[in-house]
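Asks: So here's query.cif (mmCIF, C-alpha atoms).
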data_start
#
loop_
_atom_site.label_atom_id
_atom_site.label_comp_id
_atom_site.auth_asym_id
_atom_site.auth_seq_id
_atom_site.Cartn_x
_atom_site.Cartn_y
_atom_site.Cartn_z
CA MET A 1 -30.51 16.65 -16.40
CA SER A 2 -28.47 19.01 -18.57
CA ASP A 3 -28.44 21.48 -15.67
CA VAL A 4 -27.02 18.80 -13.42
CA ARG A 5 -24.34 17.94 -15.96
CA GLU A 6 -23.41 21.58 -16.36
CA ALA A 7 -23.28 22.06 -12.58
CA LEU A 8 -20.99 19.04 -12.23
CA ARG A 9 -18.80 20.31 -15.05
CA ALA A 10 -18.55 23.69 -13.32
CA TRP A 11 -17.67 22.01 -10.03
CA VAL A 12 -14.82 20.10 -11.68
CA ARG A 13 -13.52 23.26 -13.36
CA ASP A 14 -13.74 25.22 -10.09
CA HIS A 15 -11.65 22.59 -8.35
CA ASN A 16 -9.19 22.22 -11.24
CA PRO A 17 -8.27 25.61 -12.71
CA ASP A 18 -6.00 23.95 -15.28
CA VAL A 19 -8.73 21.89 -16.96
CA PRO A 20 -8.49 22.43 -20.76
CA ALA A 21 -11.31 24.28 -22.50
CA GLY A 22 -14.25 22.02 -23.25
CA GLU A 23 -13.34 19.58 -20.51
CA PRO A 24 -14.59 17.57 -18.78
CA ALA A 25 -16.87 15.95 -21.34
CA ASP A 26 -19.65 13.71 -20.11
CA GLY A 27 -17.48 10.63 -20.57
CA THR A 28 -14.14 12.03 -19.37
CA ARG A 29 -12.55 9.70 -16.82
CA LEU A 30 -12.45 12.10 -13.89
CA ILE A 31 -10.23 10.06 -11.58
CA GLU A 32 -7.85 8.84 -14.27
CA CYS A 33 -7.40 12.43 -15.44
CA ARG A 34 -6.90 13.52 -11.81
CA TYR A 35 -9.79 15.96 -12.03
CA LEU A 36 -11.07 14.17 -8.95
CA THR A 37 -8.69 13.16 -6.15
CA SER A 38 -9.18 11.70 -2.70
CA LEU A 39 -8.89 15.20 -1.25
CA GLN A 40 -11.92 16.30 -3.27
CA VAL A 41 -14.13 13.26 -3.16
CA ALA A 42 -15.92 14.16 0.08
CA ASP A 43 -16.62 17.66 -1.27
CA LEU A 44 -18.05 16.19 -4.45
CA LEU A 45 -20.31 13.95 -2.43
CA LEU A 46 -21.66 16.98 -0.52
CA PHE A 47 -22.16 18.82 -3.80
CA ILE A 48 -24.12 15.89 -5.23
CA GLU A 49 -26.31 15.82 -2.12
CA GLU A 50 -26.96 19.53 -2.56
CA LEU A 51 -27.81 19.11 -6.25
CA ARG A 52 -30.22 16.23 -5.75
CA GLN A 53 -31.48 17.58 -2.43
CA ALA A 54 -31.22 14.18 -0.83
CA PRO A 55 -28.51 12.52 1.26
CA VAL A 56 -26.15 9.84 0.01
CA ASP A 57 -24.99 7.13 2.38
CA PRO A 58 -21.20 6.88 1.88
CA ALA A 59 -21.35 3.20 2.81
CA SER A 60 -23.58 2.58 -0.20
CA LEU A 61 -21.11 3.93 -2.76
CA LYS A 62 -20.22 1.41 -5.44
CA PRO A 63 -17.10 1.22 -7.62
CA GLY A 64 -17.28 3.44 -10.65
CA VAL A 65 -19.99 5.86 -9.48
CA PHE A 66 -17.62 8.84 -9.74
CA ALA A 67 -15.81 7.64 -12.85
CA SER A 68 -17.37 10.25 -15.18
CA ILE A 69 -20.18 12.79 -15.29
CA ASP A 70 -22.25 10.15 -17.10
CA ASP A 71 -21.64 7.70 -14.26
CA ILE A 72 -22.44 10.28 -11.56
CA CYS A 73 -25.73 11.12 -13.28
CA ALA A 74 -26.63 7.45 -13.67
CA ALA A 75 -25.88 6.69 -10.04
CA PHE A 76 -27.38 9.69 -8.24
CA PHE A 77 -29.89 11.47 -10.47
CA MET B 78 0.47 -26.30 12.88
CA ASP B 79 3.95 -27.64 13.65
CA VAL B 80 6.19 -26.56 10.78
CA PRO B 81 9.81 -27.75 10.64
CA GLY B 82 12.09 -24.74 10.35
CA LEU B 83 9.64 -22.35 12.02
CA ARG B 84 10.04 -21.07 15.55
CA TRP B 85 7.32 -18.73 16.70
CA LEU B 86 8.20 -16.00 19.17
CA ALA B 87 5.84 -14.54 21.74
CA ASN B 88 6.36 -11.03 20.40
CA GLY B 89 4.70 -11.82 17.06
CA GLN B 90 7.79 -12.67 15.07
CA SER B 91 9.18 -15.87 13.62
CA VAL B 92 12.55 -17.54 13.22
CA LEU B 93 13.06 -19.39 9.94
CA SER B 94 15.64 -22.09 9.30
CA GLY B 95 16.38 -25.14 7.20
CA PRO B 96 14.07 -26.05 4.29
CA LEU B 97 11.54 -23.35 5.20
CA LEU B 98 14.21 -20.65 5.00
CA ALA B 99 15.40 -22.15 1.71
CA LEU B 100 11.82 -21.98 0.40
CA ALA B 101 11.58 -18.31 1.43
CA ASP B 102 14.77 -17.61 -0.52
CA ARG B 103 13.50 -19.56 -3.55
CA LEU B 104 10.25 -17.63 -3.54
CA ASP B 105 12.09 -14.34 -3.40
CA THR B 106 14.26 -15.52 -6.28
CA GLN B 107 11.04 -16.10 -8.25
CA PHE B 108 9.79 -12.60 -7.39
CA LEU B 109 13.15 -11.19 -8.47
CA LYS B 110 12.83 -12.97 -11.82
CA TRP B 111 9.54 -11.19 -12.40
CA ALA B 112 11.20 -7.93 -11.41
CA ALA B 113 14.00 -8.65 -13.89
CA ASP B 114 11.42 -9.15 -16.65
CA PHE B 115 10.59 -5.46 -16.21
CA GLY B 116 14.24 -4.51 -16.05
CA ALA B 117 13.78 -3.46 -12.44
CA GLY B 118 16.89 -2.49 -10.52
CA ASP B 119 17.17 -4.04 -7.06
CA TYR B 120 17.50 -1.69 -4.07
CA ARG B 121 18.26 -2.48 -0.44
CA PHE B 122 16.93 0.31 1.74
CA PRO B 123 17.46 0.64 5.49
CA THR B 124 15.00 -0.44 8.15
CA PHE B 125 14.23 3.05 9.43
CA LEU B 126 12.24 5.53 7.40
CA PRO B 127 12.27 9.21 8.39
CA ALA B 128 8.93 10.27 9.85
CA SER B 129 9.10 13.31 7.59
CA VAL B 130 8.85 11.01 4.56
CA LEU B 131 5.62 9.43 5.75
CA GLU B 132 4.28 12.82 6.80
CA ARG B 133 4.38 13.83 3.12
CA ILE B 134 1.62 11.32 2.42
CA ASP B 135 -0.26 11.92 5.69
CA TRP B 136 0.49 8.32 6.68
CA PHE B 137 0.30 8.90 10.41
CA ARG B 138 -3.31 10.07 10.27
CA SER B 139 -4.29 7.22 7.97
CA PHE B 140 -2.53 4.33 9.72
CA PRO B 141 -1.51 5.33 13.29
CA GLN B 142 -2.47 1.90 14.60
CA LEU B 143 0.23 0.24 12.46
CA ALA B 144 3.17 2.41 13.46
CA THR B 145 6.19 0.99 15.23
CA LEU B 146 8.50 3.75 16.41
CA PRO B 147 12.18 3.37 17.33
CA ALA B 148 12.51 5.06 20.70
CA CYS B 149 15.84 6.10 22.18
CA LEU B 150 16.58 7.44 25.61
CA ASP B 151 17.50 11.07 25.84
CA ALA B 152 21.28 10.98 25.79
CA GLY B 153 21.78 13.35 28.72
CA GLU B 154 23.97 11.74 31.37
CA GLU B 155 21.58 12.56 34.18
CA ASN B 156 18.71 10.97 32.27
CA LEU B 157 20.74 7.85 31.51
CA ALA B 158 21.82 7.65 35.14
CA ARG B 159 18.19 7.82 36.32
CA PHE B 160 17.37 5.05 33.87
CA THR B 161 20.12 2.75 35.11
CA GLU B 162 19.54 3.50 38.78
CA GLY B 163 15.89 2.48 38.62
CA SER B 164 14.57 -0.80 37.28
CA PRO B 165 15.16 -0.55 33.52
CA VAL B 166 12.87 -3.49 32.74
CA VAL B 167 9.85 -4.55 34.80
CA ASP B 168 7.74 -7.54 33.78
CA GLY B 169 9.34 -7.49 30.36
CA ALA B 170 8.49 -3.84 29.73
CA VAL B 171 11.18 -1.18 29.49
CA ARG B 172 10.60 1.73 31.85
CA PRO B 173 12.12 4.63 29.95
CA THR B 174 13.10 7.90 31.53
CA ALA B 175 13.09 10.86 29.14
CA LEU B 176 13.03 9.89 25.45
CA ALA B 177 14.87 11.58 22.61
CA PRO B 178 12.66 12.99 19.84
CA ILE B 179 11.40 10.16 17.62
CA ARG B 180 12.25 11.10 14.06
CA ASP B 181 11.95 7.73 12.33
CA VAL B 182 9.51 4.88 11.82
CA LEU B 183 10.27 1.21 11.29
CA THR B 184 9.40 0.56 7.66
CA PRO B 185 5.68 -0.23 7.35
CA ALA B 186 5.79 -1.00 3.59
CA ALA B 187 8.85 -1.59 1.45
CA CYS B 188 7.93 0.70 -1.44
CA TYR B 189 7.75 3.96 0.56
CA HIS B 190 11.53 4.15 0.40
CA VAL B 191 11.37 4.11 -3.40
CA TYR B 192 9.29 7.29 -3.66
CA ASP B 193 11.52 9.13 -1.24
CA HIS B 194 14.56 7.90 -3.17
CA LEU B 195 13.12 9.31 -6.40
CA ALA B 196 11.95 12.63 -4.89
CA GLY B 197 12.55 15.51 -7.27
CA ARG B 198 13.38 13.28 -10.25
CA ARG B 199 12.35 14.20 -13.79
CA LEU B 200 11.73 11.08 -15.87
CA ASP B 201 11.40 10.72 -19.63
CA GLY B 202 10.55 7.03 -19.62
CA PRO B 203 9.09 4.39 -17.34
CA LEU B 204 11.17 3.32 -14.39
CA TYR B 205 10.95 -0.04 -12.63
CA LEU B 206 12.52 -0.79 -9.26
CA THR B 207 12.33 -3.64 -6.82
CA THR B 208 13.11 -3.76 -3.14
CA ARG B 209 12.73 -6.10 -0.22
CA ASN B 210 12.55 -4.97 3.35
CA THR B 211 11.59 -6.17 6.79
CA CYS B 212 8.31 -4.42 7.47
CA PHE B 213 6.70 -3.69 10.82
CA ARG B 214 3.00 -3.41 11.50
CA ARG B 215 1.51 -3.32 14.97
CA GLU B 216 -1.60 -5.51 15.04
CA GLU B 217 -4.12 -6.53 17.68
CA ARG B 218 -3.14 -10.18 17.31
CA TYR B 219 -0.45 -12.16 15.60
CA GLU B 220 -0.41 -15.54 13.85
CA PRO B 221 2.68 -17.47 12.76
CA LEU B 222 3.63 -16.64 9.15
CA GLU B 223 0.27 -14.98 8.52
CA ARG B 224 0.11 -11.87 10.69
CA GLN B 225 3.42 -10.88 12.19
CA TRP B 226 4.77 -7.76 13.84
CA SER B 227 7.74 -7.97 11.49
CA PHE B 228 7.74 -9.72 8.14
CA SER B 229 9.47 -9.68 4.76
CA MET B 230 7.95 -7.84 1.84
CA ARG B 231 9.22 -7.87 -1.76
CA GLU B 232 7.81 -5.18 -4.00
CA ILE B 233 8.14 -4.28 -7.66
CA VAL B 234 7.34 -0.66 -8.41
CA CYS B 235 6.53 1.05 -11.72
CA VAL B 236 6.91 4.82 -12.07
CA GLY B 237 5.61 6.22 -15.34
CA THR B 238 2.48 7.36 -17.13
CA ALA B 239 -1.07 6.19 -16.42
CA ASP B 240 -0.90 3.73 -19.31
CA GLU B 241 2.48 2.39 -18.20
CA THR B 242 1.32 1.75 -14.65
CA HIS B 243 -1.84 0.02 -15.87
CA SER B 244 0.15 -2.15 -18.28
CA PHE B 245 2.64 -2.99 -15.54
CA LEU B 246 -0.03 -4.22 -13.15
CA GLU B 247 -1.70 -6.21 -15.91
CA ALA B 248 1.56 -7.88 -16.93
CA ALA B 249 2.73 -8.51 -13.36
CA SER B 250 -0.61 -10.03 -12.37
CA ALA B 251 -0.52 -12.24 -15.45
CA GLU B 252 2.96 -13.50 -14.49
CA VAL B 253 1.73 -14.37 -11.03
CA ASP B 254 -1.40 -16.03 -12.43
CA ARG B 255 0.69 -18.25 -14.71
CA TYR B 256 2.92 -19.26 -11.80
CA VAL B 257 0.17 -20.12 -9.32
CA ALA B 258 -1.74 -22.01 -12.02
CA ALA B 259 1.38 -24.01 -12.88
CA ILE B 260 2.00 -25.04 -9.28
CA GLY B 261 -1.70 -25.53 -8.47
CA LEU B 262 -1.98 -23.03 -5.62
CA PRO B 263 -5.67 -22.19 -4.96
CA VAL B 264 -5.81 -18.40 -5.06
CA ALA B 265 -8.04 -15.69 -6.46
CA TRP B 266 -7.74 -11.93 -6.92
CA GLU B 267 -10.14 -9.95 -4.78
CA ARG B 268 -10.85 -6.27 -4.45
CA ALA B 269 -9.44 -4.88 -1.20
CA SER B 270 -8.86 -1.67 0.69
CA ASP B 271 -6.07 -0.47 2.93
CA PRO B 272 -6.62 -0.71 6.71
CA PHE B 273 -7.34 2.97 7.31
CA PHE B 274 -7.81 4.23 10.86
CA ARG B 275 -11.46 5.28 11.28
CA PRO B 276 -12.12 4.53 7.61
CA SER B 277 -15.50 6.22 7.44
CA LYS B 278 -13.77 9.54 8.21
CA ASN B 279 -10.91 9.05 5.78
CA PRO B 280 -11.35 10.45 2.26
CA GLN B 281 -8.76 8.01 0.93
CA TYR B 282 -10.92 5.12 2.10
CA LEU B 283 -13.94 6.70 0.46
CA MET B 284 -11.92 7.04 -2.74
CA GLN B 285 -10.91 3.35 -2.63
CA GLN B 286 -14.60 2.43 -2.46
CA VAL B 287 -15.49 4.31 -5.63
CA ASP B 288 -12.20 3.73 -7.44
CA PRO B 289 -10.87 0.27 -6.54
CA THR B 290 -7.11 0.51 -6.78
CA LYS B 291 -6.06 -2.38 -4.58
CA PHE B 292 -6.50 -6.06 -5.34
CA GLU B 293 -5.23 -8.92 -3.23
CA LEU B 294 -4.24 -12.43 -4.26
CA VAL B 295 -6.09 -14.47 -1.66
CA PHE B 296 -5.09 -18.03 -0.80
CA ASP B 297 -7.78 -20.46 0.21
CA ALA B 298 -10.32 -17.62 0.44
CA ARG B 299 -8.71 -16.29 3.64
CA LEU B 300 -5.09 -15.13 3.33
CA ALA B 301 -3.78 -12.32 1.11
CA ILE B 302 -0.32 -13.32 -0.13
CA ALA B 303 0.19 -10.52 -2.66
CA SER B 304 -1.43 -7.27 -3.70
CA THR B 305 -1.48 -4.95 -6.65
CA ASN B 306 -1.78 -1.25 -5.92
CA LEU B 307 -2.47 1.60 -8.30
CA HIS B 308 -1.58 4.92 -6.69
CA HIS B 309 -2.46 7.29 -9.55
CA ASP B 310 -0.31 10.41 -8.92
CA HIS B 311 -0.50 10.19 -5.10
CA PHE B 312 3.23 9.59 -4.64
CA GLY B 313 4.26 11.48 -7.75
CA ARG B 314 2.72 14.67 -6.33
CA ALA B 315 3.82 14.10 -2.76
CA PHE B 316 7.43 13.48 -3.73
CA ASP B 317 7.65 15.77 -6.76
CA ILE B 318 8.41 12.95 -9.19
CA VAL B 319 7.63 14.14 -12.70
CA ARG B 320 7.14 12.19 -15.91
CA ASP B 321 6.90 14.19 -19.14
CA GLY B 322 5.94 17.36 -17.28
CA GLU B 323 3.18 15.75 -15.22
CA PRO B 324 3.23 14.23 -11.74
CA ALA B 325 4.36 10.65 -12.26
CA ARG B 326 1.91 7.80 -11.82
CA THR B 327 3.02 4.85 -9.72
CA ALA B 328 1.91 1.29 -9.12
CA CYS B 329 3.34 -1.65 -7.25
CA ILE B 330 2.92 -5.34 -6.71
CA ALA B 331 3.80 -6.59 -3.24
CA PHE B 332 4.54 -10.08 -1.99
CA GLY B 333 4.39 -11.07 1.69
CA ILE B 334 7.04 -13.75 1.86
CA GLU B 335 6.00 -15.38 5.15
CA ARG B 336 2.41 -15.54 3.90
CA TRP B 337 3.58 -17.35 0.77
CA LEU B 338 5.31 -19.81 3.10
CA SER B 339 2.07 -20.31 5.00
CA ALA B 340 0.18 -20.94 1.76
CA PHE B 341 2.79 -23.47 0.65
CA VAL B 342 2.86 -25.42 3.90
CA HIS B 343 -0.92 -25.45 4.18
CA HIS B 344 -1.45 -26.57 0.60
CA PHE B 345 1.59 -28.72 -0.16
CA GLY B 346 2.41 -29.94 3.36
CA THR B 347 4.75 -28.90 6.11
CA GLY B 348 7.64 -31.09 5.04
CA GLY B 349 7.64 -30.50 1.29
CA PRO B 350 8.57 -31.29 -1.37
CA TRP B 351 7.38 -27.90 -2.45
CA PRO B 352 7.04 -26.83 -6.08
CA SER B 353 10.22 -25.49 -7.59
#
Could you render the structure as structure tokens?

Replies:
Amino acid sequence: MSDVREALRAWVRDHNPDVPAGEPADGTRLIECRYLTSLQVADLLLFIEELRQAPVDPASLKPGVFASIDDICAAFF
Amino acid sequence: MDVPGLRWLANGQSVLSGPLLALADRLDTQFLKWAADFGAGDYRFPTFLPASVLERIDWFRSFPQLATLPACLDAGEENLARFTEGSPVVDGAVRPTALAPIRDVLTPAACYHVYDHLAGRRLDGPLYLTTRNTCFRREERYEPLERQWSFSMREIVCVGTADETHSFLEAASAEVDRYVAAIGLPVAWERASDPFFRPSKNPQYLMQQVDPTKFELVFDARLAIASTNLHHDHFGRAFDIVRDGEPARTACIAFGIERWLSAFVHHFGTGGPWPS
């Protein structure tokens, strides 16, 4: 699971070059901090599918599943 | 329902008069009091909104089905002559000749004007504004007071930091909760999403599913009479509104005045007396 967390962290940093060093932590609120916006959310979903090697039905997404790296791991891995 | 003071028009609009019009004004006075509690300045914006403003937030791709566009004939004399020499209106439908470029939209939501008005501003504290406008939304069907082509919307907008916008929505919702409890109006807040065109293909819809930012105050489990909307930095980025060096966060609470009228006449009766 630590590989997954690190991959997610790298994805966030790749999409947000201004993220401060050490961020995002596992509990960082990704949407509140604007590390994840509506323009990126579909890309993140594809990345999660790639990481877990299984599809995700967008219609099944529940509130809060992208709130933090902790929440993403709990919901998809 | 036969409501004194309401005349329903076939084109999805209503005429208000008498006690019903007075109630609409009283309700708006109540909304203005809440706006005043935040120190919100009142703005009266025009009916037309430049299409370029809505293009900044990609509105046309998200909500094309709602758009009402003010069309004008091309002003060339020959074009106008062709228009007048034919049958300008057939079966109630205008038969235009060449049209001038359409550069405006009839306001679909009152608060859009606010963000355009603040474009380029640098803020060092929270800013609260209120505005009321006649809004236009094309729908498949219309119902008196509840789903109209044109209707009145009062909005209170907060522009500030993330914490300030959250606090604003919390405080504004609490004000509304106290009011509806005091008058005994059966309503409840429910999670909602905006009516995106082809929602499954719209990333903003997907985002609203995972990050609920819109809640509606629903009367009698069927009619949304108000909504709270957290926009994060969506408008701050699009309109270059900056708070303390960062794109400003915005939030708004919106009241559909005709829908409040419908809730009042359904719950308290068509002839009043209505709660003061």

Asks: Using only C-alpha atoms, give me every residue within 12 Å of (3.7, -30.7, 5.1) in file coordinates, as a tab-separated table (two decimals) with C-alpha atoms, in the coordinates of the input.

Replies:
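Here's the written file point.tsv:
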chain	number	residue	atom	x	y	z
B	78	MET	CA	0.47	-26.30	12.88
B	79	ASP	CA	3.95	-27.64	13.65
B	80	VAL	CA	6.19	-26.56	10.78
B	81	PRO	CA	9.81	-27.75	10.64
B	82	GLY	CA	12.09	-24.74	10.35
B	96	PRO	CA	14.07	-26.05	4.29
B	97	LEU	CA	11.54	-23.35	5.20
B	338	LEU	CA	5.31	-19.81	3.10
B	339	SER	CA	2.07	-20.31	5.00
B	340	ALA	CA	0.18	-20.94	1.76
B	341	PHE	CA	2.79	-23.47	0.65
B	342	VAL	CA	2.86	-25.42	3.90
B	343	HIS	CA	-0.92	-25.45	4.18
B	344	HIS	CA	-1.45	-26.57	0.60
B	345	PHE	CA	1.59	-28.72	-0.16
B	346	GLY	CA	2.41	-29.94	3.36
B	347	THR	CA	4.75	-28.90	6.11
B	348	GLY	CA	7.64	-31.09	5.04
B	349	GLY	CA	7.64	-30.50	1.29
B	350	PRO	CA	8.57	-31.29	-1.37
B	351	TRP	CA	7.38	-27.90	-2.45

Asks: Please check the contacts: residues of chain B at most 6 Å away from chain A, using all atoms listed in the file, listed as a PyMOL selection string.

Replies: chain B and resi 280-281+284+286-288

Asks: Nearest to A:Leu44 among A:Met1, A:Leu8, A:Asp26, A:Arg13, with distances taken over all atoms listed in the file: which residue is it?

Replies: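 With all atoms listed in the file as the atom set, the closest residue is A:Leu8.
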
Asks: Using Å and a single decimal, report how far atom CA of B:Asn306 sits from atom CA of B:Val264.

Replies: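 Separation between atom CA of B:Val264 and atom CA of B:Asn306: 17.6 Å.
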
Asks: Which residue gives the smallest distance to B:Gly118 among B:Glu232, B:Asp181, B:Asp240, B:Glu162, with only C-alpha atoms counted?

Replies: B:Glu232

Asks: On this structure, the PyMOL selection byres ((chain B and resi 90) around 8) would catch which residues? List them as a list in words, sorted by chain and number.

Replies: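 Against this file, the PyMOL selection byres ((chain B and resi 90) around 8) returns the residues Trp85, Leu86, Ala87, Asn88, Gly89, Ser91, Val92, Pro221, Gln225, Trp226, Ser227 and Phe228 of chain B.
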
Asks: Mind giving me the straight-line distance from atom CA of B:Ala186 to atom CA of B:Cys212 in Å, one decimal?

Replies: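 One can read the atom CA of B:Ala186 to atom CA of B:Cys212 distance as 5.8 Å.
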
Asks: Just give me the gap between atom CA of B:Ala128 and atom CA of B:Tyr189 in Å, one decimal is fine.

Replies: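 Between these atoms lies a distance of 11.3 Å.
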
Asks: Might you spell out which residues the PyMOL selection byres ((chain A and resi 77) around 9) would select in the displayed file, as a PyMOL selection string?

Replies: chain A and resi 1+4+48+51-52+72-76

Asks: Applying the PyMOL selection byres ((chain B and resi 145) around 12) to the file I just gave you, which residues come out? Please list them as an NGL selection string.

Replies: :B and (124-126 or 128 or 137 or 140-144 or 146-148 or 179-186 or 212-216 or 226-227)

Asks: Using all atoms listed in the file for the distances, tell me which of B:Val167, B:Leu283, B:Ser277, B:Arg224 is nearest to A:Leu45.

Replies: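 Looking at the shortest contact to A:Leu45, the residue is B:Leu283.
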
Asks: Between B:Val236, B:Leu222, B:Met230, B:Val319, which residue has the minimum interatomic distance to B:Val191, considering all atoms listed in the file?

Replies: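 Looking only at the distances to B:Val191, the closest residue turns out to be B:Val236.
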
Asks: What's the 7 Å shell around B:Leu150, counting all atoms listed in the file, without same-chain residues fewer than 3 positions away, as a list of chain:residue names?

Replies: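 In the requested format, the answer is B:Pro173, B:Thr174, B:Ala175, B:Leu176, B:Ala177.
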
Asks: Which is closest to A:His15 among A:Leu46, A:Asp70, A:Gln53, A:Tyr35, if we use all atoms listed in the file?

Replies: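 Once distances to A:His15 are computed over all atoms listed in the file, the minimum belongs to A:Tyr35.
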
Asks: Between B:Ala315, B:Ala265, B:Val166, B:Leu246, single out the one closest to B:Glu132, counting all atoms listed in the file.

Replies: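 Closest to B:Glu132 of all the choices is B:Ala315.
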